[in-house]
Amino acid sequence: MDGNGRWAKERGLPRRKGHEEGGQSIRAIMQAGLKLGIDILTFYAFSSENWKRPEEEVRGLMALLPRMLSKHENILHDNGTRLRAIGRIEGLPDHARKELDRVMAATESYTDRHLVLALNYGSRTELADAAQRLARQVQAGELDPESIDEEALAGALYAPDLPDPDVMIRTSGEQRLSNFLLWQLSYAEFVFVPEYWPDFREEAFVRALQQYEQRDRRYGGVNPC
Ligand code: IPE
Ligand code: MG
């Protein structure tokens with residue numbers, strides 16, 4: 001989700017307004033996802049690098065998070081969607097963490113769909129955390145270093161039960177990964193769209209998915225002719 005600040009700036013509004021409008025896009029994309037039969041959506045909401053932003057903006061984002069969670073909780077219950085979080089969520093402020101934990105617990109039994117929020121998330125940190133986890137298992141004599149393969153590493157990530165994403169969409173014209181799901185996106189299709197996140201609603205989402213549908217995924221192989 002990128003471009004909230006630029007969206008606001010173009011309208012002479014504070015960045016906070018861009019983030020609020022961006023929150024409405026999350027709702028719109030969740031609803032579009034339901035309509036389109038997309039069972040897992042992951043939103044990169046706050047990166048481990050976003051702490052570098054001005055204190056006031058960080059505070060605003062951390063206040064927005066619990067507000068959005070309680071406002072959109074009904075969509076989760078109505079559609080059997082489990083809320084998940086990836087990232088070092090222990091680093092979030094208590095008030096945000098509390099609401100996040102509450103909604104995650106309230107939706108824990110749902111298995112039909114997943115809504116994943118990347119919060120205080122950095123992919124390099126996730127990989128380092130996975131390495132630590134495996135190292136501790138080796139130290140405890142539970143794991144043989146020789147058996148650490150791709151599957152073992154994938155199993156030590158933050159949400160090991162979720163499949164790799166098929167498509168990664170970034171808004172606002174930026175064409176970077178910015179430390180997002182480096183491992184999991186190895187074979188994903190990347191779609192970069194010009195819209196700022198607050199303008200990214202169902203129509204733009206469908207257009208992005210149409211681009212994805214036209215891609216020819218070979219996973220390193222060749223197509224039979
Ligand atoms: C995305 O929009 C906001 C977050 C996910 C924190 P930005 O705040 O990065 O917007 P620009 O890049 O300044 O326009
Ligand atoms: Mg940005």
# chains A, B, ... in the order shown; residues from 1 in each chain; ligands from 1
>>> closest_atom_pairs(of="chain A", to="ligand 1", cutoff="9 Å", atoms="only C-alpha atoms and all ligand atoms", output="tab-separated table")
residue	atom	partner	partner_atom_place_in_ligand_line	distance
A:Met1	CA	ligand 1	1 (C)	5.1
A:Asp2	CA	ligand 1	1 (C)	3.8
A:Gly3	CA	ligand 1	14 (O)	3.3
A:Asn4	CA	ligand 1	2 (O)	3.8
A:Gly5	CA	ligand 1	14 (O)	3.6
A:Arg6	CA	ligand 1	14 (O)	3.6
A:Trp7	CA	ligand 1	14 (O)	6.3
A:Ala8	CA	ligand 1	14 (O)	7.9
A:Lys9	CA	ligand 1	14 (O)	8.1
A:Arg15	CA	ligand 1	8 (O)	7.1
A:Arg16	CA	ligand 1	8 (O)	8.7
A:Gly18	CA	ligand 1	8 (O)	7.6
A:His19	CA	ligand 1	3 (C)	6.4
A:Gly22	CA	ligand 1	3 (C)	7.8
A:Phe43	CA	ligand 1	5 (C)	8.6
A:Tyr44	CA	ligand 1	5 (C)	6.2
A:Ala45	CA	ligand 1	5 (C)	4.6
A:Phe46	CA	ligand 1	6 (C)	5.1
A:Ser47	CA	ligand 1	6 (C)	7.3
A:Asn50	CA	ligand 1	6 (C)	6.6
A:Glu57	CA	ligand 1	8 (O)	8.9
A:Val58	CA	ligand 1	6 (C)	8.3
A:Leu61	CA	ligand 1	6 (C)	7.2
A:Thr171	CA	ligand 1	1 (C)	9.0
A:Ser172	CA	ligand 1	14 (O)	7.3
A:Glu174	CA	ligand 1	12 (O)	8.5
A:Tyr196	CA	ligand 1	14 (O)	7.3
A:Trp197	CA	ligand 1	2 (O)	7.0
A:Pro198	CA	ligand 1	2 (O)	8.8
>>> select_by_dssp(residues="segment 58-194 of chain A", states="alpha helix (DSSP H)", output="PyMOL selection string")
chain A and resi 58-78+94-106+123-139+150-155
>>> closest_residue(among="A:Ala152, A:Glu21, A:Leu64, A:Arg53", to="His95 of chain A", atoms="only C-alpha atoms")
A:Leu64
>>> closest_residue(among="A:Ala154, A:Leu92, A:Leu209, A:Leu100", to="Tyr121 of chain A", atoms="only C-alpha atoms")
A:Leu92
>>> closest_atom_pairs(of="segment 51-117 of chain A", to="segment 178-186 of chain A", cutoff="12 Å", atoms="only C-alpha atoms", output="JSON lines")
{"residue": "A:Ile86", "atom": "CA", "partner": "A:Leu181", "partner_atom": "CA", "distance": 10.0}
{"residue": "A:Gly87", "atom": "CA", "partner": "A:Phe180", "partner_atom": "CA", "distance": 10.5}
{"residue": "A:Leu117", "atom": "CA", "partner": "A:Phe180", "partner_atom": "CA", "distance": 11.8}
